[in-house]
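**Q** Pasting model_25.pdb below, which is PDB, C-alpha atoms.
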```pdb
ATOM      1  CA  MET P   9     -53.909   8.810 -31.774
ATOM      2  CA  GLY P  10     -52.921   9.446 -35.378
ATOM      3  CA  VAL P  11     -55.389   9.389 -38.241
ATOM      4  CA  ILE P  12     -54.807  10.130 -41.909
ATOM      5  CA  LEU P  13     -57.817  11.651 -43.660
ATOM      6  CA  ALA P  14     -57.907  11.641 -47.444
ATOM      7  CA  ASP P  15     -60.103  13.769 -49.686
ATOM      8  CA  SER P  16     -59.952  15.004 -53.237
ATOM      9  CA  GLY P  17     -60.819  18.581 -52.244
ATOM     10  CA  PRO P  18     -58.338  21.354 -51.603
ATOM     11  CA  ALA P  19     -58.766  21.192 -47.839
ATOM     12  CA  CYS P  20     -59.757  18.619 -45.269
ATOM     13  CA  PRO P  21     -63.540  18.859 -44.900
ATOM     14  CA  THR P  22     -65.025  19.058 -41.423
ATOM     15  CA  TYR P  23     -67.279  16.053 -42.044
ATOM     16  CA  LEU P  24     -64.174  13.833 -42.071
ATOM     17  CA  ARG P  25     -63.125  15.088 -38.636
ATOM     18  CA  ARG P  26     -66.607  14.985 -37.148
ATOM     19  CA  GLY P  27     -67.022  12.289 -34.466
ATOM     20  CA  LEU P  28     -63.290  11.859 -33.755
ATOM     21  CA  PRO P  29     -62.299  12.335 -30.090
ATOM     22  CA  ALA P  30     -60.179  15.329 -29.198
ATOM     23  CA  ARG P  31     -57.168  13.120 -28.424
ATOM     24  CA  TYR P  32     -56.917  12.129 -32.104
ATOM     25  CA  HIS P  33     -54.254  13.830 -34.170
ATOM     26  CA  CYS P  34     -55.538  14.254 -37.732
ATOM     27  CA  THR P  35     -53.322  14.585 -40.757
ATOM     28  CA  CYS P  36     -55.221  15.533 -43.912
ATOM     29  CA  VAL P  37     -53.846  14.819 -47.383
ATOM     30  CA  ARG P  38     -55.380  15.033 -50.795
ATOM     31  CA  ALA P  39     -55.987  11.824 -52.629
ATOM     32  CA  ARG P  40     -53.644  12.880 -55.403
ATOM     33  CA  SER P  41     -50.847  14.159 -53.156
ATOM     34  CA  SER P  42     -47.233  13.407 -53.996
ATOM     35  CA  ALA P  43     -45.417  10.437 -52.545
ATOM     36  CA  GLN P  44     -43.289  12.759 -50.402
ATOM     37  CA  THR P  45     -46.406  14.348 -48.869
ATOM     38  CA  LEU P  46     -47.874  10.941 -48.116
ATOM     39  CA  ARG P  47     -44.645   9.799 -46.470
ATOM     40  CA  VAL P  48     -44.605  12.863 -44.215
ATOM     41  CA  ALA P  49     -48.270  12.291 -43.304
ATOM     42  CA  VAL P  50     -47.619   8.647 -42.429
ATOM     43  CA  VAL P  51     -44.629   9.562 -40.250
ATOM     44  CA  GLN P  52     -46.660  12.193 -38.415
ATOM     45  CA  ALA P  53     -49.529   9.757 -37.809
ATOM     46  CA  TYR P  54     -47.121   7.036 -36.640
ATOM     47  CA  GLN P  55     -45.451   9.400 -34.172
ATOM     48  CA  ALA P  56     -48.843  10.483 -32.816
ATOM     49  CA  ILE P  57     -49.901   6.834 -32.333
ATOM     50  CA  LYS P  58     -46.594   6.020 -30.625
ATOM     51  CA  ASN P  59     -46.912   8.961 -28.213
ATOM     52  CA  THR P  60     -50.477   7.991 -27.340
ATOM     53  CA  LEU P  61     -49.548   4.348 -26.672
ATOM     54  CA  GLU P  62     -46.620   5.356 -24.465
ATOM     55  CA  GLN P  63     -48.917   7.510 -22.358
ATOM     56  CA  THR P  64     -51.668   4.891 -22.036
ATOM     57  CA  GLU P  65     -49.406   1.883 -21.470
ATOM     58  CA  LYS P  66     -47.086   3.526 -18.974
ATOM     59  CA  PRO P  67     -47.818   1.883 -15.605
ATOM     60  CA  GLN P  68     -49.293   4.325 -13.159
ATOM     61  CA  SER P  69     -47.718   3.688  -9.793
ATOM     62  CA  SER P  70     -50.163   4.257  -6.981
ATOM     63  CA  PRO P  71     -48.646   6.621  -4.453
ATOM     64  CA  LEU P  72     -48.058   5.379  -0.958
ATOM     65  CA  PRO P  73     -50.258   6.736   1.798
ATOM     66  CA  SER P  74     -49.102  10.148   2.994
ATOM     67  CA  HIS P  75     -48.043   8.902   6.440
ATOM     68  CA  VAL P  76     -45.753   6.350   4.769
ATOM     69  CA  ALA P  77     -44.327   8.701   2.173
ATOM     70  CA  ALA P  78     -43.446  11.088   4.979
ATOM     71  CA  ASN P  79     -41.642   8.351   6.909
ATOM     72  CA  PRO P  80     -38.936   6.665   4.809
ATOM     73  CA  ALA P  81     -38.006   4.429   7.760
ATOM     74  CA  GLN P  82     -41.298   2.627   7.264
ATOM     75  CA  LEU P  83     -40.100   1.501   3.836
ATOM     76  CA  ALA P  84     -36.912  -0.081   5.225
ATOM     77  CA  PRO P  85     -38.514  -3.477   6.051
ATOM     78  CA  PHE P  86     -39.446  -3.975   2.392
ATOM     79  CA  ALA P  87     -35.792  -3.700   1.373
ATOM     80  CA  ALA P  88     -34.740  -6.013   4.228
ATOM     81  CA  THR P  89     -37.039  -8.867   3.174
ATOM     82  CA  ARG P  90     -35.709 -11.599   0.916
ATOM     83  CA  PHE P  91     -37.873 -14.054  -1.059
ATOM     84  CA  VAL P  92     -36.098 -17.330  -1.844
ATOM     85  CA  LEU P  93     -37.343 -19.857  -4.420
ATOM     86  CA  VAL P  94     -35.623 -23.239  -4.090
ATOM     87  CA  GLU P  95     -35.254 -25.165  -7.370
ATOM     88  CA  PRO P  96     -38.158 -23.525  -9.237
ATOM     89  CA  SER P  97     -39.111 -25.614 -12.268
ATOM     90  CA  HIS P  98     -41.148 -23.334 -14.503
ATOM     91  CA  PRO P  99     -39.900 -19.974 -15.811
ATOM     92  CA  GLY P 100     -43.478 -18.667 -15.836
ATOM     93  CA  ASN P 101     -43.752 -19.175 -12.082
ATOM     94  CA  VAL P 102     -40.523 -17.264 -11.511
ATOM     95  CA  GLY P 103     -41.806 -14.352 -13.581
ATOM     96  CA  ALA P 104     -45.197 -14.421 -11.855
ATOM     97  CA  ALA P 105     -43.461 -14.447  -8.464
ATOM     98  CA  ALA P 106     -41.472 -11.355  -9.471
ATOM     99  CA  ARG P 107     -44.740  -9.652 -10.399
ATOM    100  CA  ALA P 108     -46.295 -10.650  -7.058
ATOM    101  CA  LEU P 109     -43.350  -9.123  -5.185
ATOM    102  CA  LYS P 110     -43.414  -5.842  -7.067
ATOM    103  CA  THR P 111     -47.153  -5.343  -6.563
ATOM    104  CA  MET P 112     -46.585  -5.539  -2.805
ATOM    105  CA  GLY P 113     -43.505  -3.287  -2.787
ATOM    106  CA  PHE P 114     -40.750  -5.927  -2.506
ATOM    107  CA  GLY P 115     -37.766  -6.410  -4.780
ATOM    108  CA  GLN P 116     -35.349  -9.001  -3.388
ATOM    109  CA  LEU P 117     -35.707 -12.326  -5.223
ATOM    110  CA  VAL P 118     -33.172 -15.143  -4.802
ATOM    111  CA  LEU P 119     -33.250 -18.327  -6.892
ATOM    112  CA  VAL P 120     -31.593 -21.515  -5.621
ATOM    113  CA  ARG P 121     -30.590 -23.863  -8.446
ATOM    114  CA  PRO P 122     -33.390 -22.942 -10.873
ATOM    115  CA  ARG P 123     -34.088 -25.723 -13.365
ATOM    116  CA  VAL P 124     -33.861 -23.366 -16.359
ATOM    117  CA  PRO P 125     -30.455 -21.667 -16.638
ATOM    118  CA  ASP P 126     -30.560 -17.882 -16.968
ATOM    119  CA  VAL P 127     -34.265 -17.998 -16.146
ATOM    120  CA  GLN P 128     -34.270 -14.221 -15.578
ATOM    121  CA  HIS P 129     -34.062 -13.766 -19.344
ATOM    122  CA  ASP P 130     -36.416 -16.569 -20.353
ATOM    123  CA  PRO P 131     -39.238 -15.249 -22.618
ATOM    124  CA  GLU P 132     -41.947 -17.010 -20.600
ATOM    125  CA  ALA P 133     -40.621 -15.586 -17.334
ATOM    126  CA  ILE P 134     -40.464 -12.085 -18.801
ATOM    127  CA  ALA P 135     -44.005 -12.371 -20.160
ATOM    128  CA  MET P 136     -45.376 -13.529 -16.791
ATOM    129  CA  ALA P 137     -43.468 -10.784 -14.951
ATOM    130  CA  SER P 138     -45.712  -8.339 -16.842
ATOM    131  CA  GLY P 139     -43.892  -5.134 -15.988
ATOM    132  CA  ALA P 140     -41.826  -6.476 -13.083
ATOM    133  CA  ASP P 141     -38.874  -7.086 -15.385
ATOM    134  CA  ASP P 142     -36.630  -5.083 -13.058
ATOM    135  CA  VAL P 143     -37.301  -7.451 -10.144
ATOM    136  CA  LEU P 144     -36.849 -10.477 -12.406
ATOM    137  CA  SER P 145     -33.597  -9.329 -14.017
ATOM    138  CA  ALA P 146     -32.160  -8.387 -10.612
ATOM    139  CA  ALA P 147     -32.888 -11.843  -9.159
ATOM    140  CA  ARG P 148     -29.787 -13.446  -7.663
ATOM    141  CA  VAL P 149     -28.981 -17.079  -8.480
ATOM    142  CA  VAL P 150     -27.110 -19.166  -5.877
ATOM    143  CA  ALA P 151     -26.097 -22.800  -5.580
ATOM    144  CA  SER P 152     -27.557 -23.568  -2.147
ATOM    145  CA  LEU P 153     -30.054 -22.399   0.434
ATOM    146  CA  GLU P 154     -27.132 -21.848   2.778
ATOM    147  CA  GLN P 155     -25.828 -19.154   0.398
ATOM    148  CA  ALA P 156     -29.295 -17.650  -0.007
ATOM    149  CA  LEU P 157     -29.635 -17.203   3.773
ATOM    150  CA  VAL P 158     -26.257 -15.625   4.454
ATOM    151  CA  GLY P 159     -26.843 -12.546   6.606
ATOM    152  CA  VAL P 160     -30.466 -13.495   7.383
ATOM    153  CA  GLN P 161     -31.515 -13.337  11.057
ATOM    154  CA  TRP P 162     -34.951 -14.944  10.703
ATOM    155  CA  SER P 163     -36.353 -17.157   7.965
ATOM    156  CA  LEU P 164     -39.761 -18.668   7.301
ATOM    157  CA  ALA P 165     -40.219 -21.931   5.396
ATOM    158  CA  LEU P 166     -43.472 -22.307   3.468
ATOM    159  CA  SER P 167     -44.595 -25.929   3.683
ATOM    160  CA  ALA P 168     -47.918 -27.721   4.015
ATOM    161  CA  ARG P 169     -46.309 -31.095   4.674
ATOM    162  CA  PRO P 170     -46.597 -32.356   8.290
ATOM    163  CA  ARG P 171     -43.192 -33.053   9.874
ATOM    164  CA  GLU P 172     -42.230 -34.915  13.031
ATOM    165  CA  TYR P 173     -39.452 -32.460  13.868
ATOM    166  CA  GLY P 174     -38.584 -29.014  12.732
ATOM    167  CA  PRO P 175     -39.034 -25.349  13.559
ATOM    168  CA  PRO P 176     -42.237 -24.089  15.221
ATOM    169  CA  ILE P 177     -45.318 -23.858  12.991
ATOM    170  CA  ILE P 178     -47.123 -20.506  12.861
ATOM    171  CA  MET P 179     -49.833 -18.878  10.765
ATOM    172  CA  PRO P 180     -48.782 -16.502   7.952
ATOM    173  CA  ARG P 181     -50.270 -13.458   9.700
ATOM    174  CA  VAL P 182     -48.409 -14.280  12.918
ATOM    175  CA  ALA P 183     -45.248 -14.815  10.904
ATOM    176  CA  ALA P 184     -45.662 -11.412   9.255
ATOM    177  CA  ALA P 185     -46.023  -9.730  12.645
ATOM    178  CA  GLN P 186     -42.878 -11.508  13.884
ATOM    179  CA  ALA P 187     -40.959 -10.386  10.800
ATOM    180  CA  ALA P 188     -42.093  -6.794  11.349
ATOM    181  CA  ALA P 189     -40.963  -6.932  14.990
ATOM    182  CA  ILE P 190     -37.558  -8.384  14.062
ATOM    183  CA  LEU P 191     -37.035  -5.696  11.437
ATOM    184  CA  ARG P 192     -37.238  -3.004  14.083
ATOM    185  CA  ASP P 193     -33.518  -3.719  14.214
ATOM    186  CA  PRO P 194     -32.238  -1.737  11.191
ATOM    187  CA  GLN P 195     -29.459  -4.286  10.665
ATOM    188  CA  ALA P 196     -31.780  -7.302  10.528
ATOM    189  CA  VAL P 197     -32.768  -9.220   7.405
ATOM    190  CA  VAL P 198     -35.603 -11.743   7.086
ATOM    191  CA  ALA P 199     -36.307 -14.300   4.361
ATOM    192  CA  LEU P 200     -39.247 -16.345   3.133
ATOM    193  CA  VAL P 201     -38.318 -19.698   1.607
ATOM    194  CA  PHE P 202     -40.504 -21.458  -0.978
ATOM    195  CA  GLY P 203     -39.938 -24.949  -2.341
ATOM    196  CA  ASN P 204     -40.122 -26.627  -5.712
ATOM    197  CA  GLU P 205     -43.558 -26.679  -7.387
ATOM    198  CA  ARG P 206     -43.813 -30.479  -7.295
ATOM    199  CA  THR P 207     -41.849 -31.653  -4.260
ATOM    200  CA  GLY P 208     -41.760 -28.621  -1.969
ATOM    201  CA  LEU P 209     -38.914 -28.088   0.476
ATOM    202  CA  ALA P 210     -36.586 -30.876   1.594
ATOM    203  CA  ASN P 211     -36.327 -31.575   5.328
ATOM    204  CA  GLU P 212     -32.788 -30.200   5.490
ATOM    205  CA  ASP P 213     -33.967 -26.940   3.920
ATOM    206  CA  VAL P 214     -36.809 -26.581   6.421
ATOM    207  CA  ASP P 215     -34.404 -27.316   9.291
ATOM    208  CA  ARG P 216     -32.332 -24.292   8.300
ATOM    209  CA  CYS P 217     -35.300 -21.964   8.832
ATOM    210  CA  SER P 218     -36.551 -20.312  12.008
ATOM    211  CA  ALA P 219     -40.230 -21.178  11.580
ATOM    212  CA  ILE P 220     -42.709 -22.929   9.276
ATOM    213  CA  ALA P 221     -45.944 -21.528   7.872
ATOM    214  CA  HIS P 222     -48.579 -22.755   5.475
ATOM    215  CA  VAL P 223     -51.510 -20.979   3.904
ATOM    216  CA  PRO P 224     -54.758 -22.197   5.541
ATOM    217  CA  ALA P 225     -56.475 -23.007   2.262
ATOM    218  CA  ASN P 226     -59.569 -25.111   1.567
ATOM    219  CA  PRO P 227     -58.816 -28.480   3.225
ATOM    220  CA  LEU P 228     -60.517 -30.237   0.298
ATOM    221  CA  TYR P 229     -58.185 -28.548  -2.185
ATOM    222  CA  THR P 230     -55.051 -27.038  -0.684
ATOM    223  CA  SER P 231     -52.992 -26.785  -3.873
ATOM    224  CA  LEU P 232     -51.520 -23.317  -4.398
ATOM    225  CA  ASN P 233     -49.426 -22.259  -7.344
ATOM    226  CA  LEU P 234     -45.937 -21.097  -6.331
ATOM    227  CA  ALA P 235     -46.587 -17.500  -7.386
ATOM    228  CA  GLN P 236     -49.941 -17.525  -5.562
ATOM    229  CA  ALA P 237     -48.222 -18.565  -2.338
ATOM    230  CA  VAL P 238     -45.653 -15.804  -2.821
ATOM    231  CA  GLN P 239     -48.467 -13.287  -3.365
ATOM    232  CA  VAL P 240     -50.328 -14.316  -0.197
ATOM    233  CA  LEU P 241     -47.243 -14.041   2.010
ATOM    234  CA  ALA P 242     -46.102 -10.795   0.396
ATOM    235  CA  TYR P 243     -49.553  -9.340   1.077
ATOM    236  CA  GLU P 244     -49.467 -10.398   4.750
ATOM    237  CA  LEU P 245     -46.022  -8.876   5.153
ATOM    238  CA  ARG P 246     -47.145  -5.648   3.528
ATOM    239  CA  LEU P 247     -50.040  -5.355   5.962
ATOM    240  CA  ALA P 248     -47.711  -5.926   8.907
ATOM    241  CA  TYR P 249     -45.063  -3.511   7.626
ATOM    242  CA  MET P 250     -47.678  -0.821   7.035
ATOM    243  CA  ASP P 251     -48.974  -1.210  10.603
ATOM    244  CA  GLY P 252     -51.769  -3.500   9.496
ATOM    245  CA  ALA P 253     -50.801  -6.006  12.188
ATOM    246  CA  GLU P 254     -50.289  -5.420  15.902
ATOM    247  CA  LEU P 255     -46.657  -5.503  16.945
ATOM    248  CA  PRO P 256     -45.266  -6.233  20.390
ATOM    249  CA  PRO P 257     -44.840  -3.025  22.407
ATOM    250  CA  ASP P 258     -41.573  -1.224  21.900
ATOM    251  CA  THR P 259     -39.594  -1.244  25.160
ATOM    252  CA  GLY P 260     -37.462   1.692  24.042
ATOM    253  CA  ARG P 261     -34.298  -0.421  24.216
ATOM    254  CA  ALA P 262     -32.409  -1.509  21.142
ATOM    255  CA  PRO P 263     -33.128  -5.227  20.564
ATOM    256  CA  ALA P 264     -30.245  -7.642  20.954
ATOM    257  CA  PRO P 265     -29.059  -8.607  17.459
ATOM    258  CA  LEU P 266     -30.251 -12.032  16.389
ATOM    259  CA  ALA P 267     -27.751 -14.534  15.039
ATOM    260  CA  SER P 268     -27.736 -14.877  11.270
ATOM    261  CA  SER P 269     -28.400 -18.160   9.505
ATOM    262  CA  ASP P 270     -24.733 -18.670   8.627
ATOM    263  CA  GLU P 271     -23.694 -17.979  12.236
ATOM    264  CA  ILE P 272     -26.178 -20.573  13.492
ATOM    265  CA  GLU P 273     -24.962 -23.132  10.949
ATOM    266  CA  GLY P 274     -21.398 -22.526  12.137
ATOM    267  CA  MET P 275     -22.561 -23.106  15.716
ATOM    268  CA  PHE P 276     -24.211 -26.432  14.771
ATOM    269  CA  ALA P 277     -21.038 -27.607  13.045
ATOM    270  CA  HIS P 278     -18.986 -26.631  16.102
ATOM    271  CA  LEU P 279     -21.373 -28.375  18.520
ATOM    272  CA  GLU P 280     -21.348 -31.496  16.376
ATOM    273  CA  GLN P 281     -17.544 -31.629  16.573
ATOM    274  CA  ALA P 282     -17.652 -31.266  20.374
ATOM    275  CA  LEU P 283     -20.392 -33.863  20.864
ATOM    276  CA  THR P 284     -18.570 -36.268  18.552
ATOM    277  CA  ALA P 285     -15.369 -35.808  20.550
ATOM    278  CA  LEU P 286     -17.357 -36.630  23.711
ATOM    279  CA  ASP P 287     -18.719 -39.809  22.046
ATOM    280  CA  PHE P 288     -22.196 -38.402  22.654
ATOM    281  CA  PHE P 289     -22.858 -38.122  18.936
ATOM    282  CA  ASP P 290     -22.044 -40.760  16.328
ATOM    283  CA  PRO P 291     -21.985 -39.276  12.784
ATOM    284  CA  ALA P 292     -22.349 -42.795  11.362
ATOM    285  CA  ASN P 293     -25.540 -43.346  13.385
ATOM    286  CA  PRO P 294     -26.942 -39.872  14.105
ATOM    287  CA  LYS P 295     -30.489 -41.043  14.884
ATOM    288  CA  LYS P 296     -32.614 -37.962  15.606
ATOM    289  CA  LEU P 297     -30.234 -35.880  17.677
ATOM    290  CA  GLN P 298     -29.548 -33.268  14.989
ATOM    291  CA  PRO P 299     -33.180 -32.491  14.071
ATOM    292  CA  ARG P 300     -34.121 -32.383  17.768
ATOM    293  CA  LEU P 301     -31.341 -29.896  18.518
ATOM    294  CA  ARG P 302     -32.328 -27.783  15.536
ATOM    295  CA  SER P 303     -35.955 -27.814  16.651
ATOM    296  CA  LEU P 304     -34.902 -26.820  20.188
ATOM    297  CA  PHE P 305     -32.808 -23.854  19.063
ATOM    298  CA  ALA P 306     -35.342 -22.757  16.428
ATOM    299  CA  ARG P 307     -37.883 -22.172  19.199
ATOM    300  CA  THR P 308     -35.543 -19.866  21.092
ATOM    301  CA  GLY P 309     -34.661 -17.275  18.437
ATOM    302  CA  LEU P 310     -30.918 -17.332  19.132
ATOM    303  CA  GLU P 311     -29.176 -14.029  19.649
ATOM    304  CA  ARG P 312     -25.663 -13.489  18.333
ATOM    305  CA  GLU P 313     -24.198 -13.386  21.842
ATOM    306  CA  GLU P 314     -25.911 -16.678  22.720
ATOM    307  CA  VAL P 315     -24.409 -18.329  19.666
ATOM    308  CA  ASN P 316     -20.984 -17.060  20.710
ATOM    309  CA  ILE P 317     -21.487 -18.555  24.204
ATOM    310  CA  LEU P 318     -22.447 -21.952  22.793
ATOM    311  CA  ARG P 319     -19.479 -21.913  20.443
ATOM    312  CA  GLY P 320     -17.239 -20.995  23.382
ATOM    313  CA  ILE P 321     -18.545 -24.053  25.265
ATOM    314  CA  ALA P 322     -17.870 -26.272  22.234
ATOM    315  CA  LYS P 323     -14.381 -24.802  21.889
ATOM    316  CA  HIS P 324     -13.462 -25.561  25.515
ATOM    317  CA  ILE P 325     -14.854 -29.099  25.278
ATOM    318  CA  LEU P 326     -12.558 -29.739  22.320
ATOM    319  CA  LEU P 327      -9.586 -28.183  24.135
ATOM    320  CA  LYS P 328     -10.170 -30.270  27.288
ATOM    321  CA  ILE P 329     -10.322 -33.602  25.542
ATOM    322  CA  LYS P 330      -7.643 -32.873  22.983
ATOM    323  CA  PRO P 331      -4.961 -35.602  23.294
TER
END
```
Represent the structure from my file as structure tokens, please.
**A**
Amino acid sequence: MGVILADSGPACPTYLRRGLPARYHCTCVRARSSAQTLRVAVVQAYQAIKNTLEQTEKPQSSPLPSHVAANPAQLAPFAATRFVLVEPSHPGNVGAAARALKTMGFGQLVLVRPRVPDVQHDPEAIAMASGADDVLSAARVVASLEQALVGVQWSLALSARPREYGPPIIMPRVAAAQAAAILRDPQAVVALVFGNERTGLANEDVDRCSAIAHVPANPLYTSLNLAQAVQVLAYELRLAYMDGAELPPDTGRAPAPLASSDEIEGMFAHLEQALTALDFFDPANPKKLQPRLRSLFARTGLEREEVNILRGIAKHILLKIKP
């Protein structure tokens, strides 16, 4: 810290310094010193204050446990986890979500049609990020959930709304353990999908996901802020990734690669064409066939080879009935 001490005597008396902590940098000037001397003293004090603030305000990153630091592979799941916010309304929530991710070691944030354009540079978002500006500024903005899930093998929709159809419902801790198991495949990517602050996720968005989870909050008051929900799930994932959750036993064999979200969507489009050609499905009156099929396949955890088989079946159906 910089302090300027003034006295009329020829030298700075010790009584002026007495009581100041050792970290203080003292610059002594005489009361009748020249303007040039005063300017130099002020500059020296300013530089001392600046250096002190930089040291005290610099965030101190807590080191990872030694067994993790020695095993870089254990950090890979953090980089392979994507957090997706669909149509976030408030810049402050986006910034707070970025902060929640960074505190738990994550960095991939994807924004689907945020209400505020260029929200990554919004002053409120930056203020709420509170040091996680790097995560916020690196956030990717896309036009649809379909784009956000490209390359994702397993996705979890966060929703407290009861639904007649849809993916299987699991608890956040179970979901975190499943994500950790899936990420044993070094090529796999998982995503957590959060809805708008007011309306949540639309049915079609939930249908694109592999599973649904909701935070088991107080049943008399279940309302969670968007960033709070992100923090809870990021914490559960961190525990699972750091061996805080039990994983299924490793069989020693490389897991079969799961189909990505975009591959599954291509399969659904192909099946719909085949079923329409068979007059089994009427696009004008779809009833509940599509959500039931999605619910069926969501429970299976489709592998890439299985998707290819189903698309091969659809292809041959179309070839057989082609006029």
**Q** Just say which residues the PyMOL selection byres ((chain P and resi 218) around 8) picks in this file, as a list in words.
**A**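 In the shown coordinates, the PyMOL selection byres ((chain P and resi 218) around 8) covers Trp162, Ser163, Leu164, Ala165, Pro175, Pro176, Asp215, Arg216, Cys217, Ala219, Ile220, Ala306, Arg307 and Gly309 of chain P.
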**Q** Quick one: distance from CA of Asn101 (chain P) to CA of Gln186 (chain P) in Å, one decimal?
**A**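 Separating CA of Asn101 (chain P) from CA of Gln186 (chain P) is a distance of 27.1 Å.
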**Q** Here is a test: counting all atoms listed in the file, which residue of P:Pro122, P:Pro131, P:Pro85, P:Gly274 is nearest to Val149 (chain P)?
**A**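 Distance minimum relative to Val149 (chain P) lands on P:Pro122.
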**Q** Just so the selection is clear, what residues does the PyMOL selection byres ((chain P and resi 211) around 12) cover here, as a PyMOL selection string?
**A** chain P and resi 165-167+169-175+203+207-210+212-217+220+298-299+302-303
**Q** Step by step, work through what the PyMOL selection byres ((chain P and resi 88) around 12) selects in the shown file, and finish by giving those residues as a PyMOL selection string.
**A** chain P and resi 81-87+89-91+113-117+159-163+187-188+190-200+245+249
